[in-house]
Every structure is written in C-alpha cells, then in structure tokens.
>>> print(open('input20.txt').read())   # compact mmCIF, C-alpha atoms
# COMPACT_ATOMS: atom_id res chain seq x y z
CA MET A 16 -8.66 -23.03 20.24
CA SER A 17 -5.08 -24.21 20.01
CA LEU A 18 -2.27 -22.18 21.50
CA GLN A 19 -0.85 -21.76 18.02
CA THR A 20 -4.13 -20.18 16.90
CA ALA A 21 -4.10 -17.96 19.95
CA HIS A 22 -0.52 -17.00 19.16
CA ASN A 23 -1.48 -16.24 15.56
CA HIS A 24 -4.19 -13.94 16.84
CA LEU A 25 -1.71 -12.32 19.20
CA CYS A 26 0.64 -11.61 16.33
CA GLN A 27 -2.01 -10.18 14.05
CA CYS A 28 -4.13 -8.20 16.40
CA SER A 29 -2.91 -4.69 15.77
CA ILE A 30 -6.28 -3.57 14.36
CA VAL A 31 -8.68 -6.16 15.73
CA PRO A 32 -11.49 -4.34 17.55
CA ARG A 33 -10.87 -4.11 21.27
CA ASP A 34 -14.30 -5.49 22.10
CA VAL A 35 -13.41 -8.71 20.22
CA LEU A 36 -10.19 -9.05 22.21
CA LYS A 37 -12.01 -8.24 25.43
CA ARG A 38 -14.73 -10.78 24.75
CA PHE A 39 -12.14 -13.51 24.07
CA SER A 40 -10.24 -12.54 27.20
CA GLU A 41 -13.43 -13.22 29.21
CA ASP A 42 -14.67 -16.26 27.26
CA ILE A 43 -14.93 -19.10 29.75
CA LYS A 44 -14.85 -21.65 26.92
CA LEU A 45 -11.18 -20.77 26.42
CA THR A 46 -8.41 -21.89 28.77
CA GLU A 47 -6.96 -19.47 31.30
CA LYS A 48 -3.74 -19.30 29.32
CA GLU A 49 -5.61 -18.51 26.11
CA ARG A 50 -7.73 -15.85 27.83
CA LYS A 51 -4.56 -14.24 29.18
CA CYS A 52 -3.12 -14.24 25.68
CA PHE A 53 -6.08 -12.17 24.48
CA SER A 54 -6.05 -9.83 27.47
CA ASP A 55 -2.32 -9.23 26.96
CA THR A 56 -2.98 -8.54 23.30
CA ALA A 57 -5.74 -6.08 24.21
CA LEU A 58 -3.33 -4.28 26.49
CA ILE A 59 -0.58 -4.07 23.88
CA ASP A 60 -3.10 -3.21 21.19
CA GLY A 61 -4.52 -0.36 23.25
CA GLU A 62 -1.09 1.13 23.84
CA LEU A 63 -0.12 0.75 20.18
CA ARG A 64 -3.31 2.50 19.11
CA LYS A 65 -2.53 5.38 21.46
CA LEU A 66 1.02 5.56 20.12
CA ARG A 67 -0.10 5.67 16.49
CA ALA A 68 -2.88 8.13 17.17
CA GLN A 69 -0.37 10.33 19.00
CA ALA A 70 2.09 10.11 16.12
CA GLY A 71 -0.68 11.12 13.72
CA LYS A 72 -1.67 14.05 15.95
CA LEU A 73 1.95 15.18 16.19
CA THR A 74 2.30 15.14 12.40
CA ASN A 75 -0.90 17.17 12.09
CA ILE A 76 0.23 19.73 14.68
CA ILE A 77 3.62 20.13 13.06
CA ASN A 78 1.97 20.65 9.70
CA THR A 79 -0.57 23.12 11.14
CA LEU A 80 2.11 25.19 12.84
CA SER A 81 4.49 24.87 9.88
CA LEU A 82 7.20 23.77 12.30
CA ALA A 83 10.09 21.75 10.98
CA PRO A 84 10.39 18.42 12.80
CA VAL A 85 13.59 17.82 14.72
CA VAL A 86 16.12 16.35 12.35
CA ILE A 87 17.39 13.09 13.79
CA ALA A 88 19.96 12.34 11.07
CA GLY A 89 21.49 14.00 8.03
CA THR A 90 20.78 10.86 6.07
CA PRO A 91 18.36 8.19 7.20
CA ALA A 92 19.52 4.92 8.70
CA ILE A 93 18.37 1.92 6.65
CA THR A 94 17.30 -1.21 8.52
CA VAL A 95 16.09 -4.57 7.28
CA ALA A 96 14.37 -7.29 9.30
CA ASN A 97 13.63 -10.87 8.28
CA CYS A 98 10.08 -12.14 8.88
CA ASN A 99 11.22 -15.68 8.05
CA HIS A 100 7.84 -16.29 6.34
CA SER A 101 5.79 -15.26 9.35
CA GLN A 102 3.39 -12.32 9.28
CA THR A 103 4.82 -10.83 12.45
CA LEU A 104 6.29 -7.39 12.01
CA PRO A 105 9.00 -6.23 12.14
CA GLY A 106 10.74 -9.63 12.20
CA THR A 107 14.32 -10.38 13.18
CA PRO A 108 16.69 -7.43 12.68
CA ILE A 109 19.61 -8.07 10.32
CA SER A 110 22.85 -6.59 11.64
CA THR A 111 24.62 -5.90 8.32
CA PRO A 112 21.94 -6.13 5.59
CA GLY A 113 24.18 -4.46 3.00
CA SER A 114 26.54 -7.43 3.01
CA SER A 115 23.96 -10.18 3.51
CA THR A 116 24.24 -13.30 1.37
CA ASP A 117 20.43 -13.35 1.26
CA LEU A 118 19.84 -11.39 -1.95
CA THR A 119 16.37 -10.26 -0.88
CA ILE A 120 17.77 -8.69 2.28
CA LYS A 121 20.66 -7.09 0.40
CA ARG A 122 18.34 -5.80 -2.34
CA ALA A 123 15.88 -4.31 0.15
CA TYR A 124 18.79 -2.54 1.83
CA ASP A 125 20.51 -1.33 -1.35
CA GLU A 126 17.36 -0.13 -3.10
CA THR A 127 15.90 1.58 -0.02
CA LYS A 128 19.22 3.39 0.34
CA ALA A 129 19.01 4.37 -3.32
CA VAL A 130 15.42 5.66 -2.87
CA ALA A 131 16.65 7.79 0.04
CA GLN A 132 19.42 9.14 -2.23
CA PHE A 133 16.87 9.78 -5.00
CA TYR A 134 14.67 11.84 -2.69
CA LYS A 135 17.70 13.67 -1.27
CA ASN A 136 19.57 14.38 -4.52
CA VAL A 137 16.60 15.10 -6.76
CA PHE A 138 14.11 16.72 -4.38
CA GLY A 139 16.25 17.74 -1.38
CA ARG A 140 14.15 15.59 0.95
CA ASN A 141 15.70 13.90 3.98
CA SER A 142 13.81 10.61 4.26
CA ILE A 143 10.07 10.03 4.57
CA ASP A 144 9.50 12.77 7.15
CA ASN A 145 12.19 15.15 5.83
CA ALA A 146 13.87 14.76 9.22
CA GLY A 147 16.00 11.67 8.70
CA MET A 148 13.45 9.08 9.82
CA THR A 149 14.92 5.56 9.83
CA LEU A 150 13.70 3.56 6.85
CA GLY A 151 12.72 0.09 8.00
CA SER A 152 11.91 -2.80 5.70
CA SER A 153 10.72 -6.30 6.50
CA VAL A 154 11.36 -9.03 3.95
CA HIS A 155 10.25 -12.65 3.48
CA TYR A 156 6.86 -11.56 4.84
CA GLY A 157 4.36 -14.41 4.96
CA THR A 158 4.42 -17.59 2.92
CA ASN A 159 4.19 -17.23 -0.86
CA TYR A 160 2.82 -13.78 -0.08
CA ASN A 161 1.76 -11.95 -3.25
CA ASN A 162 2.09 -8.40 -2.00
CA ALA A 163 4.15 -5.55 -0.63
CA PHE A 164 2.75 -2.82 1.61
CA TRP A 165 3.40 0.19 3.83
CA ASN A 166 1.89 -0.34 7.28
CA GLY A 167 2.20 3.25 8.42
CA MET A 168 5.65 2.76 9.90
CA ARG A 169 7.66 0.42 7.64
CA MET A 170 7.71 -1.40 4.29
CA ALA A 171 6.97 -5.12 4.07
CA TYR A 172 7.71 -7.37 1.10
CA GLY A 173 6.44 -10.83 0.30
CA ASP A 174 8.41 -13.37 -1.73
CA GLY A 175 5.56 -13.96 -4.17
CA ASP A 176 4.19 -17.40 -4.96
CA GLY A 177 6.78 -17.98 -7.68
CA ASN A 178 4.04 -18.33 -10.27
CA ILE A 179 2.06 -15.09 -10.59
CA PHE A 180 4.64 -13.00 -8.78
CA ILE A 181 8.24 -13.36 -7.73
CA ASP A 182 10.08 -11.59 -4.88
CA PHE A 183 8.56 -8.11 -4.52
CA THR A 184 11.96 -6.54 -3.80
CA GLN A 185 12.93 -7.29 -7.42
CA SER A 186 11.11 -4.21 -8.74
CA THR A 187 12.82 -0.93 -7.90
CA ASP A 188 9.59 0.93 -8.65
CA VAL A 189 7.76 -1.21 -6.07
CA ILE A 190 10.27 -0.25 -3.36
CA CYS A 191 9.92 3.47 -4.12
CA HIS A 192 6.13 3.03 -4.44
CA GLU A 193 5.90 1.74 -0.88
CA LEU A 194 8.29 4.31 0.54
CA THR A 195 6.35 7.11 -1.20
CA HIS A 196 3.23 6.04 0.71
CA GLY A 197 5.23 7.11 3.76
CA VAL A 198 6.07 10.48 2.19
CA THR A 199 2.38 11.03 1.37
CA GLN A 200 1.49 10.10 4.95
CA HIS A 201 3.83 12.84 6.22
CA THR A 202 2.73 15.48 3.71
CA LEU A 203 -0.68 15.50 2.00
CA GLN A 204 -2.02 12.75 4.28
CA LEU A 205 -4.32 11.59 1.52
CA ALA A 206 -7.11 9.20 2.45
CA TYR A 207 -7.19 5.76 0.87
CA SER A 208 -10.57 5.83 -0.81
CA ASN A 209 -12.36 7.66 -3.59
CA GLU A 210 -10.47 10.38 -5.49
CA ALA A 211 -7.92 11.00 -2.71
CA GLY A 212 -7.16 7.27 -2.67
CA GLY A 213 -6.55 7.31 -6.42
CA LEU A 214 -4.21 10.30 -6.03
CA ASN A 215 -2.45 8.55 -3.14
CA GLU A 216 -1.77 5.47 -5.29
CA SER A 217 -0.84 7.57 -8.30
CA LEU A 218 1.80 9.52 -6.34
CA SER A 219 3.36 6.19 -5.36
CA ASP A 220 3.33 4.97 -8.97
CA VAL A 221 4.65 8.27 -10.32
CA PHE A 222 7.58 8.43 -7.90
CA GLY A 223 8.12 4.68 -8.24
CA SER A 224 8.40 4.98 -12.01
CA MET A 225 10.60 8.09 -11.78
CA PHE A 226 12.92 6.26 -9.39
CA ARG A 227 13.22 3.32 -11.79
CA GLN A 228 14.04 5.74 -14.63
CA TRP A 229 16.53 7.60 -12.41
CA ARG A 230 18.29 4.33 -11.53
CA LEU A 231 18.62 3.58 -15.24
CA ASP A 232 19.37 7.22 -16.14
CA GLN A 233 16.63 7.11 -18.75
CA MET A 234 15.08 9.86 -20.83
CA VAL A 235 11.28 9.81 -20.84
CA ASN A 236 11.19 8.28 -24.32
CA GLN A 237 13.54 5.47 -23.25
CA ALA A 238 11.44 4.49 -20.24
CA ASP A 239 8.85 1.70 -20.41
CA TRP A 240 6.59 3.37 -17.80
CA LEU A 241 5.62 -0.04 -16.41
CA ILE A 242 4.82 -0.66 -12.75
CA GLY A 243 5.76 -4.06 -11.38
CA HIS A 244 7.45 -5.32 -14.55
CA ASP A 245 10.23 -7.01 -12.57
CA ILE A 246 7.95 -8.98 -10.23
CA MET A 247 6.00 -10.80 -12.91
CA GLY A 248 6.27 -14.54 -12.37
CA PRO A 249 6.36 -17.26 -15.04
CA GLY A 250 2.61 -17.86 -14.82
CA ALA A 251 1.94 -14.20 -15.61
CA THR A 252 4.50 -13.84 -18.39
CA ALA A 253 3.31 -17.09 -20.01
CA ARG A 254 -0.03 -15.36 -20.43
CA HIS A 255 1.66 -12.27 -21.89
CA PHE A 256 1.20 -10.05 -18.86
CA THR A 257 4.26 -7.82 -18.58
CA CYS A 258 3.34 -5.58 -15.64
CA LEU A 259 0.80 -4.66 -13.03
CA ARG A 260 0.14 -1.27 -14.57
CA ASP A 261 1.31 0.70 -17.59
CA MET A 262 1.36 4.46 -17.04
CA ALA A 263 1.67 5.04 -20.80
CA ASN A 264 -1.32 2.86 -21.62
CA PRO A 265 -3.34 2.20 -18.45
CA GLY A 266 -5.93 -0.02 -20.12
CA ALA A 267 -3.49 -2.18 -22.10
CA VAL A 268 -4.05 -5.93 -22.43
CA HIS A 269 -0.56 -6.66 -21.10
CA CYS A 270 -1.51 -5.19 -17.68
CA LEU A 271 -2.53 -7.58 -14.90
CA ALA A 272 -4.47 -4.67 -13.42
CA PRO A 273 -5.69 -2.55 -16.34
CA GLN A 274 -6.90 0.89 -15.31
CA PRO A 275 -9.14 3.69 -16.54
CA SER A 276 -7.27 6.56 -18.18
CA HIS A 277 -10.01 9.20 -18.27
CA PHE A 278 -11.89 10.84 -15.43
CA SER A 279 -15.23 10.02 -17.07
CA GLU A 280 -14.51 6.37 -16.16
CA TYR A 281 -13.99 7.15 -12.48
CA LYS A 282 -16.55 5.77 -10.04
CA PRO A 283 -16.69 6.57 -6.31
CA GLY A 284 -15.58 3.60 -4.24
CA MET A 285 -13.26 2.30 -6.97
CA ASP A 286 -10.12 0.51 -5.73
CA PRO A 287 -7.42 3.24 -5.63
CA HIS A 288 -5.11 0.93 -7.61
CA TYR A 289 -7.54 1.38 -10.51
CA SER A 290 -8.56 5.03 -10.20
CA SER A 291 -4.87 5.97 -10.02
CA GLY A 292 -4.65 5.28 -13.76
CA ILE A 293 -6.20 8.70 -14.48
CA ALA A 294 -3.49 10.75 -12.75
CA ASN A 295 -0.80 8.27 -13.86
CA PHE A 296 -1.71 8.83 -17.50
CA ALA A 297 -1.74 12.63 -17.02
CA PHE A 298 1.78 12.51 -15.55
CA TYR A 299 2.99 10.33 -18.43
CA LYS A 300 1.47 12.68 -21.05
CA ILE A 301 2.98 15.73 -19.36
CA ALA A 302 6.44 14.19 -18.89
CA MET A 303 6.50 13.03 -22.52
CA ALA A 304 5.43 16.45 -23.79
CA ILE A 305 8.16 18.14 -21.74
CA GLY A 306 10.84 15.63 -22.78
CA GLY A 307 14.21 15.10 -21.07
CA LYS A 308 14.16 13.26 -17.76
CA SER A 309 10.92 12.89 -15.87
CA TRP A 310 12.28 14.04 -12.52
CA GLU A 311 13.80 17.27 -13.85
CA LYS A 312 10.60 19.25 -14.38
CA ALA A 313 7.38 17.21 -14.18
CA GLY A 314 8.70 15.45 -11.08
CA GLN A 315 9.62 18.74 -9.43
CA ILE A 316 6.10 20.07 -9.97
CA TRP A 317 4.53 16.88 -8.58
CA TYR A 318 6.86 16.94 -5.58
CA LYS A 319 5.99 20.55 -4.71
CA ALA A 320 2.29 19.79 -5.13
CA MET A 321 2.75 17.01 -2.57
CA VAL A 322 4.94 18.68 0.06
CA ASP A 323 4.43 22.46 -0.05
CA PHE A 324 0.85 22.52 1.18
CA LYS A 325 -1.14 21.63 4.26
CA PRO A 326 -2.60 18.11 4.49
CA SER A 327 -5.62 17.55 2.24
CA PRO A 328 -6.95 14.10 3.18
CA ASN A 329 -9.97 14.32 0.89
CA MET A 330 -8.34 16.07 -2.04
CA LYS A 331 -10.09 15.78 -5.41
CA MET A 332 -8.19 14.96 -8.58
CA LYS A 333 -9.28 18.25 -10.14
CA SER A 334 -7.79 20.19 -7.20
CA PHE A 335 -4.49 18.36 -7.59
CA ALA A 336 -4.50 19.04 -11.33
CA ASN A 337 -5.14 22.76 -10.77
CA ARG A 338 -2.45 22.88 -8.12
CA THR A 339 0.12 21.56 -10.59
CA ARG A 340 -1.06 24.12 -13.16
CA LYS A 341 -0.49 26.97 -10.70
CA LEU A 342 2.84 25.58 -9.57
CA THR A 343 4.05 25.29 -13.16
CA ALA A 344 3.29 28.95 -13.70
CA SER A 345 5.07 30.01 -10.49
CA MET A 346 8.05 27.67 -10.79
CA TYR A 347 8.70 28.21 -14.49
CA PRO A 348 7.18 31.64 -15.27
CA ALA A 349 9.11 32.06 -18.53
CA ASN A 350 8.25 28.61 -19.89
CA ALA A 351 4.95 28.83 -21.78
CA ALA A 352 5.50 25.45 -23.45
CA LEU A 353 5.68 23.80 -20.05
CA ARG A 354 2.41 25.40 -18.94
CA THR A 355 0.78 24.19 -22.15
CA ALA A 356 2.13 20.67 -21.61
CA VAL A 357 0.78 20.46 -18.06
CA ASP A 358 -2.59 21.86 -19.03
CA ALA A 359 -2.90 19.58 -22.06
CA GLY A 360 -1.91 16.52 -20.04
CA TRP A 361 -4.67 17.03 -17.52
CA LEU A 362 -7.22 17.98 -20.17
CA ALA A 363 -6.42 14.72 -21.96
CA VAL A 364 -7.67 12.78 -18.94
CA GLY A 365 -10.72 14.99 -18.45
CA LEU A 366 -9.37 17.19 -15.65
CA MET B 15 -24.42 -22.52 9.26
CA GLY B 16 -22.84 -23.94 6.10
CA LEU B 17 -20.25 -22.57 3.78
CA ILE B 18 -18.18 -19.42 4.19
CA LYS B 19 -16.98 -17.92 0.90
CA ILE B 20 -13.97 -15.64 0.94
CA GLU B 21 -12.36 -13.42 -1.68
CA LYS B 22 -9.11 -11.47 -1.35
CA ILE B 23 -9.22 -7.96 -2.82
CA GLY B 24 -6.83 -5.01 -3.12
CA GLY B 25 -3.09 -5.16 -2.46
CA LEU B 26 -0.42 -3.57 -4.64
CA GLY B 27 -1.68 -5.62 -7.60
CA GLY B 28 -5.35 -4.80 -7.14
CA PHE B 29 -6.74 -8.29 -6.55
CA GLY B 30 -10.41 -8.57 -7.47
CA GLY B 31 -9.91 -6.78 -10.78
CA PRO B 32 -10.34 -8.33 -14.22
CA HIS B 33 -7.38 -10.73 -14.05
CA LEU B 34 -6.05 -11.15 -10.52
CA LYS B 35 -8.41 -13.31 -8.48
CA SER B 36 -8.24 -15.06 -5.16
CA TYR B 37 -11.08 -17.20 -3.85
CA GLY B 38 -11.69 -19.89 -1.31
CA GLU B 39 -14.40 -21.45 0.78
CA ARG B 40 -14.58 -23.28 4.08
CA ASP B 41 -17.26 -25.13 5.96
CA VAL B 42 -18.02 -23.27 9.18
CA ALA B 43 -18.11 -26.55 11.06
CA GLU B 44 -14.41 -27.03 10.25
CA LEU B 45 -13.43 -23.80 11.99
CA LEU B 46 -12.20 -23.71 15.57
CA LEU B 47 -14.53 -22.23 18.14
CA ALA B 48 -12.43 -19.08 18.51
CA ASP B 49 -12.42 -18.51 14.75
CA ARG B 50 -16.19 -19.05 14.52
CA THR B 51 -16.72 -16.61 17.39
CA ALA B 52 -14.44 -14.02 15.80
CA LEU B 53 -16.27 -14.40 12.50
CA ASN B 54 -19.70 -14.06 14.11
CA LEU B 55 -18.60 -10.90 15.85
CA LEU B 56 -17.30 -9.44 12.61
CA PHE B 57 -20.58 -10.20 10.85
CA SER B 58 -22.67 -8.79 13.65
CA ARG B 59 -20.69 -5.53 13.77
CA ARG B 60 -19.80 -4.94 10.15
CA LYS B 61 -22.79 -6.04 8.15
CA GLY B 62 -22.41 -4.97 4.53
CA LYS B 63 -19.72 -2.38 4.97
CA LEU B 64 -15.98 -2.03 5.00
CA LEU B 65 -14.50 -1.58 8.44
CA LYS B 66 -13.73 2.10 8.85
CA LEU B 67 -10.33 2.62 10.33
CA PRO B 68 -8.84 6.06 10.99
CA ASN B 69 -6.99 7.27 7.89
CA ASN B 70 -3.56 7.03 9.54
CA MET B 71 -4.17 3.40 10.56
CA GLN B 72 -5.08 2.01 7.15
CA ILE B 73 -2.37 -0.11 5.58
CA ARG B 74 -1.37 1.18 2.14
CA ASP B 75 -1.49 -1.64 -0.44
CA GLY B 76 -2.86 -3.99 2.22
CA PHE B 77 -5.32 -6.75 1.41
CA ASN B 78 -8.99 -6.75 2.35
CA TYR B 79 -11.24 -9.80 2.37
CA ARG B 80 -14.83 -10.04 1.21
CA ILE B 81 -16.46 -12.76 3.30
CA SER B 82 -19.96 -14.11 2.63
CA ARG B 83 -22.15 -16.56 4.47
CA GLU B 84 -25.63 -17.85 3.89
CA THR B 85 -28.19 -17.24 6.61
CA GLU B 86 -31.95 -17.73 6.88
CA ALA B 87 -32.32 -14.06 5.94
CA GLY B 88 -30.17 -14.47 2.83
CA ILE B 89 -26.49 -13.95 2.01
CA GLU B 90 -24.55 -11.65 4.32
CA THR B 91 -21.30 -10.07 3.19
CA ILE B 92 -18.61 -8.14 5.02
CA VAL B 93 -15.32 -6.61 3.87
CA VAL B 94 -12.53 -6.55 6.45
CA PRO B 95 -8.76 -5.92 6.56
CA GLU B 96 -6.45 -8.92 6.43
CA SER B 97 -5.37 -8.72 10.07
CA MET B 98 -8.96 -9.31 11.22
CA VAL B 99 -9.50 -12.50 9.23
CA PRO B 100 -8.88 -15.82 11.01
CA ALA B 101 -5.77 -17.49 9.58
CA ALA B 102 -7.78 -20.67 8.90
CA LEU B 103 -9.93 -18.78 6.41
CA ILE B 104 -6.99 -17.07 4.70
CA ALA B 105 -5.33 -20.46 4.32
CA CYS B 106 -8.18 -21.76 2.15
CA ILE B 107 -7.87 -19.19 -0.63
CA LYS B 108 -5.88 -19.58 -3.83
CA ASP B 109 -4.50 -16.79 -6.03
CA SER B 110 -4.97 -17.12 -9.77
CA ILE B 111 -4.97 -15.26 -13.07
CA GLU B 112 -8.21 -15.24 -15.07
>>> encode(input="input20.txt", output="structure tokens")
Amino acid sequence: MSLQTAHNHLCQCSIVPRDVLKRFSEDIKLTEKERKCFSDTALIDGELRKLRAQAGKLTNIINTLSLAPVVIAGTPAITVANCNHSQTLPGTPISTPGSSTDLTIKRAYDETKAVAQFYKNVFGRNSIDNAGMTLGSSVHYGTNYNNAFWNGMRMAYGDGDGNIFIDFTQSTDVICHELTHGVTQHTLQLAYSNEAGGLNESLSDVFGSMFRQWRLDQMVNQADWLIGHDIMGPGATARHFTCLRDMANPGAVHCLAPQPSHFSEYKPGMDPHYSSGIANFAFYKIAMAIGGKSWEKAGQIWYKAMVDFKPSPNMKMKSFANRTRKLTASMYPANAALRTAVDAGWLAVGL
Amino acid sequence: MGLIKIEKIGGLGGFGGPHLKSYGERDVAELLLADRTALNLLFSRRKGKLLKLPNNMQIRDGFNYRISRETEAGIETIVVPESMVPAALIACIKDSIE
C-alpha cells in the first residue's frame, strides 16, 4: 500500500469499523509507518466516536428533561472552510468568507447566514440547536463531486461535475435542505430509513422550498416548488430535466428523481429521497389550499410539529399527519378552513 | 477473484433511481493489497446487508455503494457508506443520466 493510500484511509476513516483499523495496524505485510498510520487513525476514530455518542446522549438528555441548552450566541457564527477538492473535513478555514472572491465560498456564507435569519425571523429559532450553534460549511468538497450532505456536525458541498450538476451552493433550497437536517437531528431525531427517513427528507425539502420562496418573497402560487432547480447542469437541462424533485408534481417527467405522491406507493426500505414525495406533496397541497405565503401558516404548523415534541426516531407518516391536524386545531382554533385544508391535503396522499 | 462491480446509490439526488446512475467495475487483481484486504473484510462482515450505524452517526444525503463480486458460491453483494469504500474503487465509477 502506498503512503498516499494510507493517508487517504486516514482521512476517511471516521466510520470504518475499528476491527478493520486494528487489523491493518497489526498487518505485518504493511510497513511500520503504514501500520502506525492505521493505529493512529484507530485512536482518533475511537475518540471521535465517543465524542459523537456523547453529543447524541447530551441532546437526548436535554430533550428528556425539557431543559433549554445553554445559549452560546444570540445569533450563530457562520464559518466556511475550503476542502480544495479533497474529501477531508472540515478543510481550510476561510477568515473572511463574506468578502471572498471565490463565489462558492461567498455564496455558502451569505446563504447560510440567510437561512439562519429565516429560522430566526420566521420561526424564532436560534440556529440548528436553538442555542446559537455555529453553522459550519465546507465547500469544494471532493473532485467533480455530485452531492451535498450534512455529516452530523456541518454542511458539505461538492462543485458538481459540470455536466449533470453544477456547484451545489447555487441552489438556496439545497443549503436550507442540508441545514434543516441539523434541525431535525436536534429535535425529532428522525431515523434515516423507512417512513421516518421519508419524513426526515421531506422536512428538509419543505423548509428548503420555503426558504427559497422566502428569499424571493413569493406567494405560494408564484413559487415553482422545485428542489435543486439551480444545480441542474447542461447535460441534465439538455435532456429537459429541470430539477431533482417537484413538490407540486412528484412524479413529473422533468424530475431527475421522480417520486411517489401517494402512500399506497410507499414500500419499506425505499430510499428516503423517494418516499419523501408523499409528505412533500401533502405540504404543497395544504400550502396551496391555504394561499398566501407558505411559511405564514403551513410552515408554522410544520415547524411546531418538528420542534415541540420529544424525539420520535421511528415516527410514521400517519403520526406526523395527525400531529399537524391536532396542531392546526390548537394553533388556529377559529379557522375551520385551515383545518379542512390540512385534513384534505393529507387525505389526498392517503394519510 | 475476478471483477468487482460497484454502484453508487443515494445522495441528495437519489442516485440509483430511474435516471441518475453511477456504475463502475474493477479487476480485483488491480487493487492494492490494503484495498483488497479492506474489501474482503467488508464482505465477510456485511454479507447482503447495509452497514447499520447508530442513527446519530449516519450522514444525511450521503452516498452508499452497492458492491458485488463473483465467488464460487455465487454473487455476493454488500451495501456500505462512502467512507468505507477504498478510493480506488470509487475512482472507477462514472455518473450518468439514463
């Protein structure tokens, strides 16, 4: 094994099983230097696992005791790091990302700041943890990397391959989508498979789309309800794909990832990016029936359903639907039309 | 051992769906010893199932890889998160629209 390969392993080993690392660290076919590399990684990996497990436990305890976490800042600090096309997180910190000449860095900074303002102004939430947690983003992740993700602690954005996708920071809904995974992690703690996984993804799409509409100050009937419209590359648009997903028409031919829109189409084990179409379509139907701006009423109900309850890692879609029905009645007791809209929206998707 | 086939699935775009695809293949003999060892360990521990990580350690919108190899007993397949896949295997895949 070359040192470069060993180094690559070192950089990527955050969830490699410890027994694999241990075995490499004792493999006499490897050089002493390479074995040390693996034993060092095992050591770091072990400590990181403990740290993350502890952070998860702390979140659970705080939620169980209904204690408010210590607020570290009135508004969250926004940081951006540059991976310089490596897959090592977090990358090199950028001292003043808001004035960077690298547009990806500047955009990641500006839009993350705007997402923080969106959550604060519209929902009264102070960052991901509601306690001013610093919002860290890493850009230029990997080479031609066709993805963006939330790793449990920060957002990471690839530049795209320039054909199917372009720079993932180009879509405001993508930035809020990733950040909302963090909010879900600190609230409902939804799992990432089966119905809970679909709800997890849907919450990210719903808040991502609302954020994009909020940035454009759009009424629900002015919005396009597309997810990932602004990251479509020339190869995708040449084939008439205009988005990853369309909340208004989840199965449309212009979607690169067409989704089911009715619960009867749901299958256990389905990729959450597909099963999310069911709850996405319900939100769209409800927001359209209510009218106005999506974040004013429908968004408020969704937000309360996400943050005002104990964690429900294995929540079913039906439970979430019923929760929003109850919340609508308690939040807007005099608004019968709203209750009808929420009920009809869920019934339309079979829930 | 022959050919290793690899497919990227998941991610924000939902690779592995009807349009977004990503495939590649690599002769095992071309892999470095460390990569072959890592792969063998993954197959021996994860036969036929997705690696189960604790909920708070799963990457949201992260990629997984479906890796298959032919053995005397038939085709074996595993599904593992991106960080567990040797870089040499990831390098052989190509994203496309179908």
>>> residues_around(input="input20.txt", residues="region 233-238 of chain A", least_positions_apart="2", cutoff="10 Å", atoms="all atoms listed in the file", output="list in words")
Ser224, Met225, Arg227, Gln228, Trp229, Arg230, Leu231, Trp240, Leu241, Ala263, Tyr299, Ala302, Met303, Ala304, Ile305, Gly306, Gly307, Lys308, Ser309 and Trp310 of chain A
>>> interface_residues(input="input20.txt", of="chain B", to="chain A", cutoff="6 Å", atoms="only C-alpha atoms", output="MDAnalysis selection string")
chainID B and resid 28 33 46 48 69 73:76 97:98
>>> atom_distance(input="input20.txt", atom1="CA of Gly38 (chain B)", atom2="CA of Leu26 (chain B)")
20.1 Å
>>> closest_residue(input="input20.txt", among="A:Val154, A:Gly89, A:Gly175, A:Ile120", to="Asp109 (chain B)", atoms="all atoms listed in the file")
A:Gly175
>>> closest_residue(input="input20.txt", among="A:Ile181, A:Ala92, A:Cys191, A:Val364", to="Ser279 (chain A)", atoms="all atoms listed in the file")
A:Val364
>>> atom_distance(input="input20.txt", atom1="CA of Arg122 (chain A)", atom2="CA of Ser142 (chain A)")
18.3 Å
>>> residues_around(input="input20.txt", residues="Ser110 (chain A)", least_positions_apart="6", cutoff="12 Å", atoms="only C-alpha atoms", output="list in words")
Ile93, Thr94, Val95, Ala96, Asn97, Ile120, Lys121 and Tyr124 of chain A
>>> closest_residue(input="input20.txt", among="A:His244, A:Val137, A:Glu41, A:Val322", to="Gly27 (chain B)", atoms="all atoms listed in the file")
A:His244
>>> closest_residue(input="input20.txt", among="A:Thr187, A:Asn264, A:Ser276, A:Asn295", to="Phe133 (chain A)", atoms="only C-alpha atoms")
A:Thr187
